[in-house]
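Just final_38.pdb here, PDB, C-alpha atoms:
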ATOM      1  CA  MET K   1     -85.392  30.197  25.264
ATOM      2  CA  GLY K   2     -88.077  27.546  25.316
ATOM      3  CA  LYS K   3     -88.697  24.566  27.472
ATOM      4  CA  GLU K   4     -86.314  21.683  27.979
ATOM      5  CA  LYS K   5     -87.142  18.389  26.351
ATOM      6  CA  ASN K   6     -89.122  16.019  28.577
ATOM      7  CA  PRO K   7     -87.201  12.902  29.596
ATOM      8  CA  ARG K   8     -88.483   9.601  28.230
ATOM      9  CA  ARG K   9     -90.785   7.691  30.546
ATOM     10  CA  VAL K  10     -89.717   4.341  29.131
ATOM     11  CA  ALA K  11     -86.389   2.793  28.112
ATOM     12  CA  GLU K  12     -84.796   3.300  24.702
ATOM     13  CA  ASN K  13     -86.117  -0.007  23.371
ATOM     14  CA  GLU K  14     -89.688   0.489  24.677
ATOM     15  CA  ALA K  15     -92.858   2.298  23.677
ATOM     16  CA  MET K  16     -96.222   2.592  25.365
ATOM     17  CA  ALA K  17     -99.810   3.684  24.886
ATOM     18  CA  LYS K  18    -102.635   4.315  27.328
ATOM     19  CA  THR K  19    -106.397   4.257  26.878
ATOM     20  CA  ARG K  20    -108.617   5.847  29.485
ATOM     21  CA  MET K  21    -112.332   5.851  30.255
ATOM     22  CA  LEU K  22    -113.092   2.337  29.035
ATOM     23  CA  ARG K  23    -116.623   1.457  30.107
ATOM     24  CA  VAL K  24    -115.859  -1.907  31.671
ATOM     25  CA  SER K  25    -114.826  -3.040  35.137
ATOM     26  CA  PRO K  26    -111.086  -3.361  35.741
ATOM     27  CA  GLN K  27    -111.527  -7.032  36.635
ATOM     28  CA  LYS K  28    -113.028  -7.840  33.218
ATOM     29  CA  LEU K  29    -110.454  -5.712  31.409
ATOM     30  CA  ASN K  30    -107.618  -7.488  33.218
ATOM     31  CA  LEU K  31    -108.797 -10.807  31.740
ATOM     32  CA  VAL K  32    -108.230  -9.407  28.248
ATOM     33  CA  ALA K  33    -104.916  -7.792  29.243
ATOM     34  CA  GLY K  34    -103.730 -11.145  30.559
ATOM     35  CA  LEU K  35    -104.517 -12.628  27.172
ATOM     36  CA  ILE K  36    -101.771 -10.573  25.477
ATOM     37  CA  ARG K  37     -99.064 -10.211  28.152
ATOM     38  CA  GLY K  38     -95.674 -11.513  27.028
ATOM     39  CA  LYS K  39     -96.739 -12.316  23.455
ATOM     40  CA  LYS K  40     -95.358 -11.047  20.185
ATOM     41  CA  VAL K  41     -97.445  -8.180  18.816
ATOM     42  CA  GLU K  42     -98.730 -10.009  15.726
ATOM     43  CA  LYS K  43     -99.923 -12.925  17.888
ATOM     44  CA  ALA K  44    -101.500 -10.517  20.387
ATOM     45  CA  LEU K  45    -103.316  -8.676  17.580
ATOM     46  CA  SER K  46    -104.723 -11.905  16.167
ATOM     47  CA  ASP K  47    -105.817 -13.056  19.643
ATOM     48  CA  LEU K  48    -107.652  -9.776  20.214
ATOM     49  CA  THR K  49    -109.221  -9.874  16.738
ATOM     50  CA  PHE K  50    -110.830 -13.245  17.370
ATOM     51  CA  SER K  51    -111.654 -12.773  21.054
ATOM     52  CA  HIS K  52    -115.335 -12.914  22.019
ATOM     53  CA  LYS K  53    -114.928 -10.308  24.772
ATOM     54  CA  ARG K  54    -116.672  -7.005  24.058
ATOM     55  CA  ILE K  55    -113.768  -4.866  25.253
ATOM     56  CA  ALA K  56    -111.173  -6.675  23.099
ATOM     57  CA  GLY K  57    -111.721  -4.194  20.252
ATOM     58  CA  ASP K  58    -110.747  -1.244  22.451
ATOM     59  CA  VAL K  59    -107.692  -3.094  23.761
ATOM     60  CA  LYS K  60    -106.726  -3.841  20.152
ATOM     61  CA  LYS K  61    -106.917  -0.124  19.327
ATOM     62  CA  CYS K  62    -104.618   0.639  22.269
ATOM     63  CA  LEU K  63    -102.166  -2.042  21.133
ATOM     64  CA  GLN K  64    -102.177  -0.651  17.579
ATOM     65  CA  SER K  65    -101.491   2.803  19.018
ATOM     66  CA  ALA K  66     -98.527   1.454  20.977
ATOM     67  CA  ILE K  67     -97.201  -0.216  17.818
ATOM     68  CA  ALA K  68     -97.546   3.055  15.891
ATOM     69  CA  ASN K  69     -95.750   4.929  18.699
ATOM     70  CA  ALA K  70     -92.921   2.393  18.617
ATOM     71  CA  GLU K  71     -92.543   2.628  14.867
ATOM     72  CA  ASN K  72     -92.988   6.364  14.294
ATOM     73  CA  ASN K  73     -91.781   8.004  17.507
ATOM     74  CA  HIS K  74     -89.063   5.630  18.712
ATOM     75  CA  ASN K  75     -87.868   3.996  15.452
ATOM     76  CA  LEU K  76     -88.304   0.449  16.730
ATOM     77  CA  ASP K  77     -88.665  -2.603  14.475
ATOM     78  CA  VAL K  78     -92.280  -3.810  14.565
ATOM     79  CA  ASP K  79     -91.319  -7.423  13.802
ATOM     80  CA  ASN K  80     -89.264  -7.694  17.017
ATOM     81  CA  LEU K  81     -91.805  -6.191  19.431
ATOM     82  CA  ILE K  82     -93.377  -8.059  22.328
ATOM     83  CA  VAL K  83     -96.007  -6.943  24.823
ATOM     84  CA  ALA K  84     -93.721  -6.450  27.805
ATOM     85  CA  GLU K  85     -96.397  -5.193  30.206
ATOM     86  CA  ALA K  86    -100.130  -4.589  30.114
ATOM     87  CA  TRP K  87    -101.688  -3.250  33.271
ATOM     88  CA  VAL K  88    -105.151  -2.093  34.204
ATOM     89  CA  GLY K  89    -106.222   0.716  36.498
ATOM     90  CA  LYS K  90    -109.448   2.023  37.950
ATOM     91  CA  ASN K  91    -111.070   5.205  36.725
ATOM     92  CA  LEU K  92    -114.261   6.898  37.820
ATOM     93  CA  VAL K  93    -117.379   5.042  38.895
ATOM     94  CA  MET K  94    -120.806   6.377  37.912
ATOM     95  CA  LYS K  95    -123.267   5.794  40.701
ATOM     96  CA  ARG K  96    -126.835   5.134  39.712
ATOM     97  CA  GLY K  97    -129.745   3.767  41.642
ATOM     98  CA  ARG K  98    -133.032   1.978  41.397
ATOM     99  CA  PRO K  99    -135.961   1.821  43.799
ATOM    100  CA  ARG K 100    -136.293  -1.491  45.560
ATOM    101  CA  ALA K 101    -138.886  -3.102  47.788
ATOM    102  CA  ARG K 102    -139.988  -1.532  51.094
ATOM    103  CA  GLY K 103    -138.699   1.927  50.259
ATOM    104  CA  ARG K 104    -135.104   0.915  49.876
ATOM    105  CA  TYR K 105    -132.565   2.038  47.311
ATOM    106  CA  GLY K 106    -130.577  -0.372  45.145
ATOM    107  CA  ARG K 107    -127.160   0.962  44.247
ATOM    108  CA  ILE K 108    -125.928   0.424  40.679
ATOM    109  CA  MET K 109    -122.217   1.024  40.117
ATOM    110  CA  LYS K 110    -121.011   1.644  36.563
ATOM    111  CA  PRO K 111    -117.202   1.450  36.668
ATOM    112  CA  PHE K 112    -114.731   2.799  34.143
ATOM    113  CA  SER K 113    -111.138   1.636  33.786
ATOM    114  CA  GLU K 114    -107.943   2.341  31.882
ATOM    115  CA  ILE K 115    -105.274   0.178  30.280
ATOM    116  CA  THR K 116    -101.590   0.845  29.658
ATOM    117  CA  ILE K 117     -99.638  -1.290  27.203
ATOM    118  CA  LYS K 118     -95.841  -1.241  27.096
ATOM    119  CA  LEU K 119     -94.026  -2.820  24.148
ATOM    120  CA  ARG K 120     -90.369  -3.830  24.141
ATOM    121  CA  GLU K 121     -88.083  -4.531  21.197
ATOM    122  CA  VAL K 122     -86.163  -7.760  21.723
ATOM    123  CA  ASP K 123     -83.226  -9.152  19.801
ATOM    124  CA  PRO K 124     -84.474 -12.152  17.770
ATOM    125  CA  ALA K 125     -81.478 -14.299  18.767
ATOM    126  CA  ALA K 126     -81.971 -13.524  22.465
ATOM    127  CA  ALA K 127     -85.687 -14.270  22.190
ATOM    128  CA  ALA K 128     -84.971 -17.659  20.599
ATOM    129  CA  ALA K 129     -82.449 -18.495  23.332
ATOM    130  CA  ALA K 130     -84.975 -17.532  26.039
ATOM    131  CA  ALA K 131     -87.634 -19.723  24.402
ATOM    132  CA  GLU K 132     -85.230 -22.679  24.331
ATOM    133  CA  ALA K 133     -84.343 -22.167  27.991
ATOM    134  CA  LYS K 134     -88.018 -22.047  28.912
ATOM    135  CA  LYS K 135     -88.690 -25.255  26.984
ATOM    136  CA  ALA K 136     -85.764 -26.998  28.689
ATOM    137  CA  SER K 137     -86.968 -25.938  32.135
ATOM    138  CA  ARG K 138     -90.414 -27.367  31.368
ATOM    139  CA  LYS K 139     -88.886 -30.722  30.407
ATOM    140  CA  THR K 140     -86.880 -30.900  33.631
ATOM    141  CA  ALA K 141     -89.950 -29.963  35.675
ATOM    142  CA  LYS K 142     -91.949 -32.761  34.004
ATOM    143  CA  ALA K 143     -89.138 -35.236  34.685
ATOM    144  CA  ASP K 144     -88.986 -34.176  38.351
ATOM    145  CA  THR K 145     -92.724 -34.647  38.851
ATOM    146  CA  ALA K 146     -92.572 -38.054  37.138
ATOM    147  CA  GLU K 147     -89.779 -39.162  39.503
ATOM    148  CA  GLU K 148     -91.741 -37.989  42.540
ATOM    149  CA  GLN K 149     -94.831 -39.921  41.483
ATOM    150  CA  ALA K 150     -92.871 -43.124  40.844
TER
END
Written form, structure tokens:
Amino acid sequence: MGKEKNPRRVAENEAMAKTRMLRVSPQKLNLVAGLIRGKKVEKALSDLTFSHKRIAGDVKKCLQSAIANAENNHNLDVDNLIVAEAWVGKNLVMKRGRPRARGRYGRIMKPFSEITIKLREVDPAAAAAAAEAKKASRKTAKADTAEEQA
């Protein structure tokens, strides 16, 4: 007998990792997540390595875990991986307090958050074509703004 195999939560060319209970506010963590969204994994790793944000080390560990999941569990090529999505969620909030003037109570909130990183394997030829299309659209947008100003 035994249990049936769980269905995959992501597509065949994707892998993901999640880190919970990070002791930072979701707003601050989202700044670091925005730093790596849409980049190739080697570029994202180097950006996180040299980031001055305190939480960048924990995000780097999550990204390395996602890369290991892609390579070992889903047999994806590490050289063709990009950070498809990186989203941040709230976790618990520790509530602390401090006495303030005139008998009042100053609330101190200590938030925790979580991050989920989803990697996607892209075809190198398709990625190059998408980059060229993006570059061409930028050139046309610059030309349009120049015409409007003239």
Notebook entry, point to check: Quick one: residues within 9 Å of region 25-37 of chain K, only C-alpha atoms counted, chain neighbours fewer than 4 positions away excluded, as a list of chain:residue names?
Noted result: K:Val41, K:Lys43, K:Ala44, K:Leu45, K:Asp47, K:Leu48, K:Ser51, K:Lys53, K:Ile55, K:Ala56, K:Val59, K:Ile82, K:Val83, K:Ala84, K:Glu85, K:Ala86, K:Trp87, K:Val88, K:Gly89, K:Lys90, K:Asn91, K:Lys110, K:Pro111, K:Phe112, K:Ser113, K:Glu114, K:Ile115, K:Ile117
Margin query: Can you tell me which residues surround region 123-139 of chain K at a distance of at most 10 Å, considering all atoms listed in the file, apart from same-chain residues fewer than 3 positions away, and format the answer as a VMD selection string?
Written below: chain K and resid 79 to 82 120 142 to 144
C-alpha atoms of the current selection, written as an mmCIF file, in the coordinates of the input:
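Printed below is part.cif as written:
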data_model
loop_
_atom_site.group_PDB
_atom_site.id
_atom_site.type_symbol
_atom_site.label_atom_id
_atom_site.label_comp_id
_atom_site.auth_asym_id
_atom_site.auth_seq_id
_atom_site.Cartn_x
_atom_site.Cartn_y
_atom_site.Cartn_z
ATOM 1 C CA ASP K 79 -91.319 -7.423 13.802
ATOM 2 C CA ASN K 80 -89.264 -7.694 17.017
ATOM 3 C CA LEU K 81 -91.805 -6.191 19.431
ATOM 4 C CA ILE K 82 -93.377 -8.059 22.328
ATOM 5 C CA ARG K 120 -90.369 -3.830 24.141
ATOM 6 C CA LYS K 142 -91.949 -32.761 34.004
ATOM 7 C CA ALA K 143 -89.138 -35.236 34.685
ATOM 8 C CA ASP K 144 -88.986 -34.176 38.351
#
With 4 Å of padding per side, what axis-aligned box (centre and edge lengths, Å, one decimal) covers all the listed atoms of region 46-64 of chain K? Give it as JSON.
{"center_x": -109.4, "center_y": -6.3, "center_z": 20.7, "size_x": 22.5, "size_y": 21.9, "size_z": 17.1}
Check: Quick one, how far is CA of Met109 (chain K) from CA of Arg23 (chain K)?
Finding: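 Separation between CA of Met109 (chain K) and CA of Arg23 (chain K): 11.5 Å.
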Next item on the list: List the residues selected by the PyMOL selection byres ((chain K and resi 77) around 10) in the file shown, writing them as a list in words.
Entry: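 Written out, the selection comes to Asn13, Ile67, Ala70, Glu71, Asn72, His74, Asn75, Leu76, Val78, Asp79, Asn80, Leu81, Arg120, Glu121 and Val122 of chain K.
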Item checked: Straight-line distance linking CA of Thr19 (chain K) with CA of Lys61 (chain K), stated in Å to one decimal ->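 Between these atoms lies a distance of 8.7 Å.
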Next item on the list: Would you work out the distance separating CA of Gly57 (chain K) from CA of Gly38 (chain K), expressed in Å to one decimal?
Entry: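 The value is 18.9 Å.
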Item checked: Among the residues K:Lys95, K:Arg54, K:Arg107, K:Lys60, the one that comes closest to Val24 (chain K) [using only C-alpha atoms] -> K:Arg54
Next item on the list: Pick out the closest residue to Glu12 (chain K) from this set: K:Thr140, K:Gln149, K:Thr116, K:Asn73. Count all atoms listed in the file.
Entry: K:Asn73
Checklist line | Long-range neighbours of Ala15 (chain K) as a PyMOL selection string, 7 Å cut-off, all atoms listed in the file, 3 positions minimum in chain | finding: chain K and resi 10+66+69-70+118-120
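The smallest atom-to-atom distance between Met21 (chain K) and any of K:Ala146, K:Ala141, K:Leu92, K:Ile108, using only C-alpha atoms, is found for K:Leu92.
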Extract region 108-126 of chain K from the structure I just pasted (atoms: C-alpha atoms) and return it as a PDB file, in the first residue's frame.
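Result file result.pdb:
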ATOM      1  CA  ILE K 108       8.004  47.673  20.747  1.00  0.00           C
ATOM      2  CA  MET K 109       7.186  45.363  17.841  1.00  0.00           C
ATOM      3  CA  LYS K 110       9.811  42.831  16.760  1.00  0.00           C
ATOM      4  CA  PRO K 111       8.618  41.397  13.432  1.00  0.00           C
ATOM      5  CA  PHE K 112       9.702  38.182  11.759  1.00  0.00           C
ATOM      6  CA  SER K 113       9.298  37.412   8.068  1.00  0.00           C
ATOM      7  CA  GLU K 114       9.809  34.665   5.513  1.00  0.00           C
ATOM      8  CA  ILE K 115      11.122  34.555   1.958  1.00  0.00           C
ATOM      9  CA  THR K 116      10.345  32.177  -0.896  1.00  0.00           C
ATOM     10  CA  ILE K 117      12.634  31.987  -3.915  1.00  0.00           C
ATOM     11  CA  LYS K 118      11.558  30.272  -7.130  1.00  0.00           C
ATOM     12  CA  LEU K 119      14.154  29.487  -9.799  1.00  0.00           C
ATOM     13  CA  ARG K 120      13.368  28.718 -13.430  1.00  0.00           C
ATOM     14  CA  GLU K 121      15.537  27.036 -16.046  1.00  0.00           C
ATOM     15  CA  VAL K 122      15.509  29.005 -19.288  1.00  0.00           C
ATOM     16  CA  ASP K 123      16.783  28.030 -22.706  1.00  0.00           C
ATOM     17  CA  PRO K 124      19.942  30.081 -23.406  1.00  0.00           C
ATOM     18  CA  ALA K 125      18.818  30.931 -26.955  1.00  0.00           C
ATOM     19  CA  ALA K 126      15.402  32.109 -25.746  1.00  0.00           C
TER      20      ALA K 126
END
